[in-house]
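Structure data follow from input-v6.cif (mmCIF, C-alpha atoms):
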```cif
data_entry
#
loop_
_atom_site.group_PDB
_atom_site.id
_atom_site.type_symbol
_atom_site.label_atom_id
_atom_site.label_comp_id
_atom_site.auth_asym_id
_atom_site.auth_seq_id
_atom_site.Cartn_x
_atom_site.Cartn_y
_atom_site.Cartn_z
ATOM 1 C CA MET A 1 -24.541 -10.523 99.973
ATOM 2 C CA ILE A 2 -24.648 -9.702 96.286
ATOM 3 C CA ARG A 3 -22.172 -6.965 95.404
ATOM 4 C CA ARG A 4 -23.154 -6.814 91.778
ATOM 5 C CA LEU A 5 -26.008 -8.025 89.603
ATOM 6 C CA ALA A 6 -25.499 -6.968 86.024
ATOM 7 C CA LEU A 7 -27.049 -8.230 82.829
ATOM 8 C CA ALA A 8 -25.087 -8.010 79.594
ATOM 9 C CA LEU A 9 -25.868 -8.919 76.015
ATOM 10 C CA ALA A 10 -22.137 -9.169 75.342
ATOM 11 C CA LEU A 11 -19.978 -12.067 76.441
ATOM 12 C CA LEU A 12 -17.321 -11.897 79.097
ATOM 13 C CA ALA A 13 -14.633 -14.552 79.196
ATOM 14 C CA ALA A 14 -16.022 -18.059 79.586
ATOM 15 C CA PRO A 15 -14.929 -20.224 82.499
ATOM 16 C CA ALA A 16 -12.384 -22.889 81.702
ATOM 17 C CA GLN A 17 -13.934 -26.157 80.594
ATOM 18 C CA ALA A 18 -12.433 -29.504 79.671
ATOM 19 C CA LEU A 19 -14.535 -29.467 76.515
ATOM 20 C CA GLU A 20 -15.004 -26.675 74.028
ATOM 21 C CA ARG A 21 -17.837 -25.860 71.679
ATOM 22 C CA GLY A 22 -17.794 -27.908 68.499
ATOM 23 C CA PRO A 23 -18.772 -27.246 64.862
ATOM 24 C CA LEU A 24 -22.005 -28.599 63.429
ATOM 25 C CA GLU A 25 -23.023 -29.928 60.026
ATOM 26 C CA ALA A 26 -25.070 -26.838 59.239
ATOM 27 C CA ASP A 27 -26.352 -28.210 55.935
ATOM 28 C CA ALA A 28 -27.773 -31.388 57.483
ATOM 29 C CA ARG A 29 -30.854 -31.875 59.644
ATOM 30 C CA PRO A 30 -31.561 -31.158 62.407
ATOM 31 C CA TRP A 31 -28.819 -28.496 62.519
ATOM 32 C CA SER A 32 -29.927 -26.908 59.227
ATOM 33 C CA ALA A 33 -32.911 -25.501 61.155
ATOM 34 C CA LEU A 34 -30.413 -23.192 62.876
ATOM 35 C CA GLY A 35 -29.666 -19.966 61.098
ATOM 36 C CA ARG A 36 -28.688 -16.345 61.144
ATOM 37 C CA VAL A 37 -31.107 -13.468 61.607
ATOM 38 C CA ASN A 38 -29.700 -10.633 59.477
ATOM 39 C CA ALA A 39 -30.819 -7.086 60.227
ATOM 40 C CA GLY A 40 -30.352 -3.991 58.125
ATOM 41 C CA GLY A 41 -27.323 -5.355 56.329
ATOM 42 C CA ARG A 42 -25.061 -4.714 59.328
ATOM 43 C CA ALA A 43 -26.166 -6.820 62.298
ATOM 44 C CA TYR A 44 -26.941 -10.452 62.950
ATOM 45 C CA CYS A 45 -28.025 -12.849 65.689
ATOM 46 C CA SER A 46 -28.699 -16.542 65.916
ATOM 47 C CA GLY A 47 -32.141 -18.038 65.396
ATOM 48 C CA VAL A 48 -33.952 -21.275 64.663
ATOM 49 C CA LEU A 49 -36.840 -22.384 62.495
ATOM 50 C CA VAL A 50 -39.845 -23.507 64.547
ATOM 51 C CA GLY A 51 -42.193 -23.979 61.596
ATOM 52 C CA PRO A 52 -42.108 -24.077 57.791
ATOM 53 C CA ALA A 53 -42.172 -20.262 57.592
ATOM 54 C CA LEU A 54 -41.536 -19.206 61.192
ATOM 55 C CA ALA A 55 -38.247 -18.447 62.941
ATOM 56 C CA LEU A 56 -37.498 -17.742 66.597
ATOM 57 C CA THR A 57 -34.940 -15.284 67.956
ATOM 58 C CA ALA A 58 -34.484 -12.787 70.788
ATOM 59 C CA ALA A 59 -36.434 -9.539 70.556
ATOM 60 C CA HIS A 60 -33.327 -7.413 71.126
ATOM 61 C CA CYS A 61 -31.967 -8.876 67.874
ATOM 62 C CA LEU A 62 -34.670 -6.892 66.082
ATOM 63 C CA TYR A 63 -33.727 -3.599 67.722
ATOM 64 C CA ASP A 64 -31.424 -1.051 66.101
ATOM 65 C CA PHE A 65 -29.492 0.246 69.111
ATOM 66 C CA ARG A 66 -27.567 2.759 67.005
ATOM 67 C CA ASN A 67 -30.724 4.582 65.935
ATOM 68 C CA ARG A 68 -32.892 3.505 68.889
ATOM 69 C CA ARG A 69 -35.695 1.989 66.861
ATOM 70 C CA TRP A 70 -37.100 -1.416 65.985
ATOM 71 C CA TRP A 71 -36.042 -2.881 62.663
ATOM 72 C CA THR A 72 -38.926 -3.301 60.241
ATOM 73 C CA ALA A 73 -39.831 -6.645 58.691
ATOM 74 C CA GLU A 74 -38.479 -5.396 55.355
ATOM 75 C CA GLU A 75 -35.031 -5.074 56.955
ATOM 76 C CA ILE A 76 -34.937 -8.616 58.376
ATOM 77 C CA SER A 77 -34.061 -11.908 56.690
ATOM 78 C CA PHE A 78 -33.396 -15.424 57.946
ATOM 79 C CA VAL A 79 -30.706 -17.673 56.485
ATOM 80 C CA ALA A 80 -31.090 -21.337 57.463
ATOM 81 C CA GLY A 81 -28.179 -23.741 57.508
ATOM 82 C CA TYR A 82 -25.650 -20.995 56.902
ATOM 83 C CA LEU A 83 -22.098 -22.317 56.600
ATOM 84 C CA ARG A 84 -19.102 -20.412 55.262
ATOM 85 C CA GLY A 85 -20.951 -18.323 52.706
ATOM 86 C CA GLU A 86 -23.407 -21.035 51.651
ATOM 87 C CA TRP A 87 -26.808 -21.929 53.035
ATOM 88 C CA VAL A 88 -29.670 -24.385 52.749
ATOM 89 C CA ALA A 89 -32.464 -21.825 52.363
ATOM 90 C CA ALA A 90 -33.146 -18.137 52.997
ATOM 91 C CA SER A 91 -36.180 -15.880 53.144
ATOM 92 C CA ALA A 92 -37.150 -12.300 53.769
ATOM 93 C CA ALA A 93 -39.412 -11.556 56.725
ATOM 94 C CA THR A 94 -43.006 -10.448 56.336
ATOM 95 C CA GLN A 95 -43.981 -9.887 59.975
ATOM 96 C CA LEU A 96 -42.244 -9.552 63.334
ATOM 97 C CA LEU A 97 -44.073 -10.727 66.463
ATOM 98 C CA ARG A 98 -42.839 -9.747 69.917
ATOM 99 C CA ASP A 99 -43.992 -8.679 73.363
ATOM 100 C CA PRO A 100 -45.282 -5.106 72.845
ATOM 101 C CA ALA A 101 -44.542 -4.283 76.479
ATOM 102 C CA LEU A 102 -40.799 -4.876 76.090
ATOM 103 C CA GLU A 103 -38.717 -1.700 76.266
ATOM 104 C CA LEU A 104 -35.030 -1.677 75.386
ATOM 105 C CA VAL A 105 -33.022 1.316 76.555
ATOM 106 C CA ASP A 106 -29.514 -0.042 76.042
ATOM 107 C CA ARG A 107 -27.695 -3.337 75.790
ATOM 108 C CA HIS A 108 -27.968 -3.998 79.525
ATOM 109 C CA PRO A 109 -31.686 -4.354 80.300
ATOM 110 C CA GLU A 110 -33.015 -4.979 83.750
ATOM 111 C CA LEU A 111 -33.418 -8.623 84.643
ATOM 112 C CA ALA A 112 -37.170 -8.077 84.940
ATOM 113 C CA ALA A 113 -37.307 -7.268 81.207
ATOM 114 C CA VAL A 114 -35.700 -10.510 80.026
ATOM 115 C CA PRO A 115 -38.895 -12.659 80.087
ATOM 116 C CA GLY A 116 -40.190 -10.464 77.244
ATOM 117 C CA ASP A 117 -37.041 -10.812 75.140
ATOM 118 C CA TRP A 118 -38.407 -13.170 72.500
ATOM 119 C CA ALA A 119 -39.521 -12.647 68.899
ATOM 120 C CA LEU A 120 -41.058 -14.686 66.102
ATOM 121 C CA ILE A 121 -40.313 -13.923 62.465
ATOM 122 C CA ARG A 122 -42.872 -14.828 59.830
ATOM 123 C CA LEU A 123 -41.100 -15.575 56.570
ATOM 124 C CA ALA A 124 -42.148 -14.996 52.987
ATOM 125 C CA GLU A 125 -41.071 -18.504 51.947
ATOM 126 C CA PRO A 126 -41.650 -21.879 53.666
ATOM 127 C CA ILE A 127 -37.935 -22.602 53.860
ATOM 128 C CA GLY A 128 -38.501 -25.057 56.688
ATOM 129 C CA GLU A 129 -39.679 -27.523 54.062
ATOM 130 C CA ARG A 130 -36.054 -27.670 52.884
ATOM 131 C CA ALA A 131 -34.118 -26.882 56.054
ATOM 132 C CA GLY A 132 -36.436 -28.567 58.563
ATOM 133 C CA TRP A 133 -37.610 -27.060 61.829
ATOM 134 C CA LEU A 134 -37.637 -27.965 65.506
ATOM 135 C CA PRO A 135 -40.714 -28.486 67.674
ATOM 136 C CA MET A 136 -41.444 -26.470 70.794
ATOM 137 C CA ALA A 137 -41.106 -27.897 74.294
ATOM 138 C CA ARG A 138 -44.594 -26.820 75.323
ATOM 139 C CA ASP A 139 -44.801 -28.535 78.675
ATOM 140 C CA ALA A 140 -43.381 -27.478 82.031
ATOM 141 C CA ILE A 141 -40.186 -25.457 82.263
ATOM 142 C CA PRO A 142 -37.156 -27.777 82.686
ATOM 143 C CA LEU A 143 -36.336 -28.312 86.335
ATOM 144 C CA PRO A 144 -32.982 -27.370 87.872
ATOM 145 C CA GLY A 145 -30.482 -30.123 87.196
ATOM 146 C CA THR A 146 -31.919 -30.988 83.777
ATOM 147 C CA LEU A 147 -29.216 -31.252 81.121
ATOM 148 C CA VAL A 148 -29.781 -29.293 77.920
ATOM 149 C CA LEU A 149 -27.866 -28.186 74.807
ATOM 150 C CA GLN A 150 -27.279 -24.801 73.195
ATOM 151 C CA ALA A 151 -26.353 -24.166 69.579
ATOM 152 C CA GLY A 152 -25.848 -21.058 67.484
ATOM 153 C CA TYR A 153 -23.419 -18.671 65.834
ATOM 154 C CA ARG A 154 -20.864 -16.438 67.531
ATOM 155 C CA ARG A 155 -19.365 -13.081 66.607
ATOM 156 C CA ASP A 156 -15.755 -14.244 66.433
ATOM 157 C CA ARG A 157 -16.731 -17.289 64.330
ATOM 158 C CA PRO A 158 -19.725 -15.969 62.382
ATOM 159 C CA HIS A 159 -19.751 -18.396 59.480
ATOM 160 C CA ALA A 160 -20.465 -21.743 61.150
ATOM 161 C CA PRO A 161 -22.809 -22.794 63.969
ATOM 162 C CA GLU A 162 -21.440 -24.477 67.067
ATOM 163 C CA LEU A 163 -22.811 -26.817 69.704
ATOM 164 C CA SER A 164 -22.042 -26.255 73.379
ATOM 165 C CA PRO A 165 -21.151 -29.062 75.751
ATOM 166 C CA PRO A 166 -24.285 -30.013 77.716
ATOM 167 C CA CYS A 167 -25.501 -27.362 80.160
ATOM 168 C CA GLY A 168 -27.260 -27.733 83.484
ATOM 169 C CA VAL A 169 -30.483 -25.864 84.236
ATOM 170 C CA LEU A 170 -30.173 -23.736 87.386
ATOM 171 C CA PRO A 171 -32.732 -22.215 89.765
ATOM 172 C CA ALA A 172 -34.162 -19.010 88.294
ATOM 173 C CA PRO A 173 -36.830 -16.391 89.009
ATOM 174 C CA PRO A 174 -40.339 -17.005 87.582
ATOM 175 C CA GLY A 175 -40.525 -16.547 83.823
ATOM 176 C CA LEU A 176 -36.839 -17.301 83.255
ATOM 177 C CA LEU A 177 -34.445 -20.181 82.740
ATOM 178 C CA PHE A 178 -30.813 -20.060 83.840
ATOM 179 C CA HIS A 179 -28.183 -22.521 82.674
ATOM 180 C CA ASP A 180 -24.479 -22.815 83.341
ATOM 181 C CA CYS A 181 -22.992 -22.601 79.864
ATOM 182 C CA VAL A 182 -21.761 -19.200 78.746
ATOM 183 C CA VAL A 183 -23.094 -18.338 75.291
ATOM 184 C CA PRO A 184 -20.604 -16.440 73.109
ATOM 185 C CA GLU A 185 -21.504 -13.012 71.729
ATOM 186 C CA GLY A 186 -23.552 -13.497 68.576
ATOM 187 C CA GLY A 187 -25.462 -16.335 70.244
ATOM 188 C CA SER A 188 -28.342 -14.082 71.241
ATOM 189 C CA GLY A 189 -31.523 -15.608 69.859
ATOM 190 C CA SER A 190 -30.065 -19.102 69.776
ATOM 191 C CA PRO A 191 -32.213 -21.985 71.020
ATOM 192 C CA LEU A 192 -31.823 -23.878 74.259
ATOM 193 C CA LEU A 193 -32.478 -27.481 73.276
ATOM 194 C CA SER A 194 -33.878 -30.409 75.182
ATOM 195 C CA VAL A 195 -33.054 -33.889 73.900
ATOM 196 C CA ASN A 196 -34.778 -37.164 74.653
ATOM 197 C CA SER A 197 -33.405 -40.707 74.681
ATOM 198 C CA ALA A 198 -34.327 -41.138 71.015
ATOM 199 C CA GLY A 199 -32.185 -38.157 70.035
ATOM 200 C CA GLU A 200 -35.158 -35.929 69.263
ATOM 201 C CA LEU A 201 -34.623 -32.224 69.868
ATOM 202 C CA ALA A 202 -37.104 -29.607 71.066
ATOM 203 C CA VAL A 203 -36.741 -25.881 71.661
ATOM 204 C CA ALA A 204 -36.868 -25.321 75.428
ATOM 205 C CA GLY A 205 -36.226 -21.579 75.206
ATOM 206 C CA VAL A 206 -34.397 -18.735 73.485
ATOM 207 C CA HIS A 207 -31.147 -17.204 74.725
ATOM 208 C CA SER A 208 -31.446 -13.610 75.872
ATOM 209 C CA ALA A 209 -28.441 -12.516 77.923
ATOM 210 C CA GLN A 210 -25.634 -13.240 80.314
ATOM 211 C CA ILE A 211 -26.091 -12.693 84.017
ATOM 212 C CA HIS A 212 -23.073 -11.884 86.166
ATOM 213 C CA ARG A 213 -23.254 -12.479 89.893
ATOM 214 C CA SER A 214 -20.580 -12.168 92.490
ATOM 215 C CA VAL A 215 -20.483 -12.903 96.185
ATOM 216 C CA ALA A 216 -18.372 -10.792 98.535
ATOM 217 C CA GLY A 217 -14.880 -12.229 98.533
ATOM 218 C CA GLY A 218 -15.686 -14.650 95.719
ATOM 219 C CA PRO A 219 -15.353 -14.774 91.929
ATOM 220 C CA VAL A 220 -17.851 -13.415 89.447
ATOM 221 C CA ARG A 221 -20.020 -16.184 88.030
ATOM 222 C CA VAL A 222 -21.406 -15.916 84.509
ATOM 223 C CA PHE A 223 -24.619 -17.706 83.580
ATOM 224 C CA SER A 224 -27.044 -17.604 80.672
ATOM 225 C CA ALA A 225 -30.581 -16.248 80.926
ATOM 226 C CA VAL A 226 -33.178 -17.845 78.672
ATOM 227 C CA VAL A 227 -36.822 -17.080 77.909
ATOM 228 C CA PRO A 228 -38.690 -20.399 78.375
ATOM 229 C CA ALA A 229 -40.548 -21.744 75.363
ATOM 230 C CA ALA A 230 -43.751 -21.820 77.406
ATOM 231 C CA THR A 231 -43.766 -18.000 77.262
ATOM 232 C CA PHE A 232 -44.400 -17.838 73.516
ATOM 233 C CA ALA A 233 -45.283 -21.411 72.484
ATOM 234 C CA ALA A 234 -48.988 -20.582 72.126
ATOM 235 C CA ARG A 235 -48.074 -18.300 69.208
ATOM 236 C CA VAL A 236 -46.379 -21.160 67.353
ATOM 237 C CA PRO A 237 -48.799 -23.453 65.483
ATOM 238 C CA GLU A 238 -48.517 -27.073 66.560
ATOM 239 C CA ARG A 239 -47.473 -29.341 63.730
ATOM 240 C CA PRO A 240 -45.225 -32.403 63.483
ATOM 241 C CA ALA A 241 -41.619 -31.435 62.864
ATOM 242 C CA PRO A 242 -39.569 -33.331 60.271
ATOM 243 C CA PRO A 243 -37.929 -36.400 61.808
ATOM 244 C CA VAL A 244 -34.375 -36.064 63.052
ATOM 245 C CA PRO A 245 -32.019 -38.345 61.092
ATOM 246 C CA ALA A 246 -30.992 -41.313 63.205
ATOM 247 C CA GLY A 247 -27.761 -40.737 65.078
ATOM 248 C CA SER A 248 -27.332 -37.058 64.137
ATOM 249 C CA VAL A 249 -27.415 -35.723 67.703
ATOM 250 C CA ARG A 250 -25.295 -38.621 68.925
ATOM 251 C CA ARG A 251 -22.631 -37.932 66.282
ATOM 252 C CA ALA A 252 -22.474 -34.248 67.205
ATOM 253 C CA LEU A 253 -22.018 -35.113 70.876
ATOM 254 C CA LEU A 254 -19.347 -37.693 70.129
ATOM 255 C CA ASP A 255 -17.477 -35.051 68.133
ATOM 256 C CA LEU A 256 -17.526 -32.904 71.270
ATOM 257 C CA ALA A 257 -16.172 -35.819 73.293
ATOM 258 C CA GLY A 258 -13.098 -36.038 71.093
ATOM 259 C CA ASN A 259 -10.358 -37.709 73.041
ATOM 260 C CA ALA A 260 -11.922 -37.376 76.489
ATOM 261 C CA ALA A 261 -10.001 -39.727 78.730
ATOM 262 C CA GLY A 262 -11.782 -42.955 79.529
ATOM 263 C CA PHE A 263 -14.812 -42.042 77.451
ATOM 264 C CA ASP A 264 -17.250 -44.882 76.866
ATOM 265 C CA GLU A 265 -19.865 -44.105 74.233
ATOM 266 C CA GLY A 266 -22.762 -45.858 75.958
ATOM 267 C CA GLY A 267 -26.273 -44.570 75.336
ATOM 268 C CA LEU A 268 -27.252 -41.025 74.433
ATOM 269 C CA ASP A 269 -28.089 -40.127 78.037
ATOM 270 C CA ARG A 270 -24.727 -41.479 79.169
ATOM 271 C CA ILE A 271 -22.932 -39.398 76.532
ATOM 272 C CA ILE A 272 -24.692 -36.220 77.633
ATOM 273 C CA ARG A 273 -23.951 -36.815 81.291
ATOM 274 C CA HIS A 274 -20.356 -37.751 80.607
ATOM 275 C CA LEU A 275 -19.789 -34.549 78.646
ATOM 276 C CA TYR A 276 -21.381 -32.445 81.369
ATOM 277 C CA LEU A 277 -19.371 -34.012 84.161
ATOM 278 C CA SER A 278 -16.117 -33.890 82.180
ATOM 279 C CA ARG A 279 -15.971 -30.128 82.597
ATOM 280 C CA THR A 280 -13.340 -28.855 84.981
ATOM 281 C CA GLU A 281 -15.988 -27.026 86.969
ATOM 282 C CA THR A 282 -19.713 -27.366 87.618
ATOM 283 C CA PRO A 283 -20.698 -23.943 88.931
ATOM 284 C CA GLU A 284 -23.516 -23.260 91.338
ATOM 285 C CA ILE A 285 -25.384 -19.994 91.069
ATOM 286 C CA PRO A 286 -24.944 -17.732 94.096
ATOM 287 C CA PRO A 287 -28.295 -17.041 95.784
ATOM 288 C CA GLU A 288 -29.761 -13.576 95.307
ATOM 289 C CA LYS A 289 -30.101 -11.704 98.628
#
```
With the file now loaded, output its structure as structure tokens.
Amino acid sequence: MIRRLALALALLAAPAQALERGPLEADARPWSALGRVNAGGRAYCSGVLVGPALALTAAHCLYDFRNRRWWTAEEISFVAGYLRGEWVAASAATQLLRDPALELVDRHPELAAVPGDWALIRLAEPIGERAGWLPMARDAIPLPGTLVLQAGYRRDRPHAPELSPPCGVLPAPPGLLFHDCVVPEGGSGSPLLSVNSAGELAVAGVHSAQIHRSVAGGPVRVFSAVVPAATFAARVPERPAPPVPAGSVRRALLDLAGNAAGFDEGGLDRIIRHLYLSRTETPEIPPEK
């Protein structure tokens, strides 16, 4: 029996893992497509370019909770490939696209509101021509058990993007994705990434919130709630994304592996599975009752 079901936009402590998040080469493709969404000169979230002049983030990143209003396009900018005070490209926003039905009362929305927590930012400059962009995963929502990646910025390390160890997709209600990596605060709006055997990335969804579930007599489990790309993909023009440099995803994953005992590089799929299974714990989401 569920004692508590709470949704939070802030991070609680992450479960212990054998592997930690690792830094990325923010100025090199494909990671230069990641960036920071800056709002009003005092707030930021993660985001990703999904077109030459189009960025994706979470809708709540465009909401001014202090004054209970939506930020205007004039108050938003996107900085691609941001790394320690330098960046690959930056642009002001010209238009903000989001689900008009989404209502945000505070930083703990109802779970039913999360499927609408996505936003697209049209940019004044086609900075994706310099920074690159990532294609959308337009097909079916990833099935439970699929291994995915998450990358973005975090509040306690705001000047460099990080890559999570591979995450596992979990069963979720319709219109949502759950995965078992905890995304640090500041990672709202970051992309959930699928990766194929050739090392090509695609945006499978956008991170919205943490979900905390506990079972009577058991520990609280923390999972990530993601808006699937299929929810908003129709609003993103289809166009070929710049090619991913050979070996870039593989190198980032090997950096995560570090000195993992008995690690054998193998193929890309083997690396991903090894990193996932090397965690000290593979949590299962408690069923909702």
Q: Name the residues captured by the PyMOL selection byres ((chain A and resi 63) around 12) when it is applied to the shown file; answer as a PyMOL selection string.
A: chain A and resi 37-40+43-45+57-62+64-73+75-76+96+98+102-107+117-119
Near segment 129-136 of chain A, 6 Å: segment 30-105 of chain A residue rows, closest pairs, all atoms listed in the file, as CSV:
```
residue,atom,partner,partner_atom,distance
A:Ser32,CA,A:Ala131,CA,5.3
A:Ala33,CA,A:Trp133,CA,5.0
A:Leu49,CA,A:Trp133,CA,4.8
A:Val50,CA,A:Trp133,CA,5.0
A:Gly51,CA,A:Trp133,CA,5.5
A:Pro52,CA,A:Glu129,CA,5.6
```
query: Given the choices A:Pro165, A:Pro237, A:Pro184, A:Pro23, which gets closest to Tyr276 of chain A if the distance is worked out from all atoms listed in the file?
result: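 Closest to Tyr276 of chain A, using all atoms listed in the file: A:Pro165.
Within 9 Å of Tyr153 of chain A, once only C-alpha atoms are used and residues closer than 3 positions along the same chain are dropped, the contacting residues are Leu34, Gly35, Arg36, Cys45, Ser46, Gly47, Asp156, Arg157, Pro158, His159, Ala160, Pro161, Glu162, Pro184, Glu185, Gly186, Gly187, Ser188 and Ser190 of chain A.
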query: Counting only C-alpha atoms, which of A:Val203, A:Ala28, A:Leu256, A:Val169 gets nearest to Cys181 of chain A?
result: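 That would be A:Val169, the residue with the smallest distance to Cys181 of chain A.
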Check your understanding: Selected by the PyMOL selection byres ((chain A and resi 204) around 9) in the shown coordinates: which residues, as number ranges by chain?
Key -> A: 136-138, 141-142, 148, 191-194, 202-203, 205-206, 226-230
If I take atom CA of Pro242 of chain A and atom CA of Pro126 of chain A, how far is one from the other in Å, to one decimal?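 One can read the atom CA of Pro242 of chain A to atom CA of Pro126 of chain A distance as 13.4 Å.
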Students should find that atom CA of Ala26 of chain A and atom CA of Leu170 of chain A are spaced 28.8 Å
A straight line from atom CA of Phe223 of chain A to atom CA of Arg84 of chain A spans 29.0 Å
* **Target residues per the PyMOL selection byres ((chain A and resi 251-255) around 10), formatted as a list in words** =>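 Going through the file, the PyMOL selection byres ((chain A and resi 251-255) around 10) ends up selecting Arg21, Gly22, Pro23, Leu24, Glu25, Trp31, Leu149, Glu162, Leu163, Ser164, Pro165, Pro166, Ala246, Gly247, Ser248, Val249, Arg250, Leu256, Ala257, Gly258, Asn259, Ala260, Phe263, Glu265, Leu268, Ile271, Ile272 and Leu275 of chain A.
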So, counting only C-alpha atoms, which residue among A:Gly189, A:Thr231, A:Ala92, A:Val183 is closest to Gly116 of chain A?
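That would be A:Thr231, the residue with the smallest distance to Gly116 of chain A.
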Restricting to all atoms listed in the file, whichever of A:Leu120, A:Leu83, A:Leu177, A:Val244 is closest to Pro144 of chain A is A:Leu177
For the point (-36.2, -8.2, 86.3) in file coordinates, what residues are within 10 Å, counting all atoms listed in the file? Give the answer as a count of residues only? 12
Quiz item: Quick one: residues within 9 Å of Ser91 of chain A, all atoms listed in the file counted, chain neighbours fewer than 2 positions away excluded, as JSON, numbers by chain?
Solution: {"A": [53, 77, 78, 79, 80, 89, 93, 123, 124, 125, 126, 127]}
Next, dump the selected residues to file, keeping only C-alpha atoms, as a short mmCIF file (atom, residue, chain, number, x, y, z; two decimals), keeping the file's coordinate frame.
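Output contents, as saved in again_32.cif:
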```cif
data_model
loop_
_atom_site.label_atom_id
_atom_site.label_comp_id
_atom_site.auth_asym_id
_atom_site.auth_seq_id
_atom_site.Cartn_x
_atom_site.Cartn_y
_atom_site.Cartn_z
CA ALA A 53 -42.17 -20.26 57.59
CA SER A 77 -34.06 -11.91 56.69
CA PHE A 78 -33.40 -15.42 57.95
CA VAL A 79 -30.71 -17.67 56.48
CA ALA A 80 -31.09 -21.34 57.46
CA ALA A 89 -32.46 -21.82 52.36
CA ALA A 93 -39.41 -11.56 56.72
CA LEU A 123 -41.10 -15.58 56.57
CA ALA A 124 -42.15 -15.00 52.99
CA GLU A 125 -41.07 -18.50 51.95
CA PRO A 126 -41.65 -21.88 53.67
CA ILE A 127 -37.94 -22.60 53.86
#
```
- request: Check the smallest atom-to-atom distance from each of A:Gly41, A:Gly152, A:Gly199, A:Gly145 to Pro243 of chain A using only C-alpha atoms, then report the winner.
  value: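 Using only C-alpha atoms, the shortest distance to Pro243 of chain A belongs to A:Gly199.
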Shortest contact to Val236 of chain A, candidates A:Thr94, A:Ala101, A:Arg29, A:Ile121, atoms counted all atoms listed in the file, goes to A:Ile121
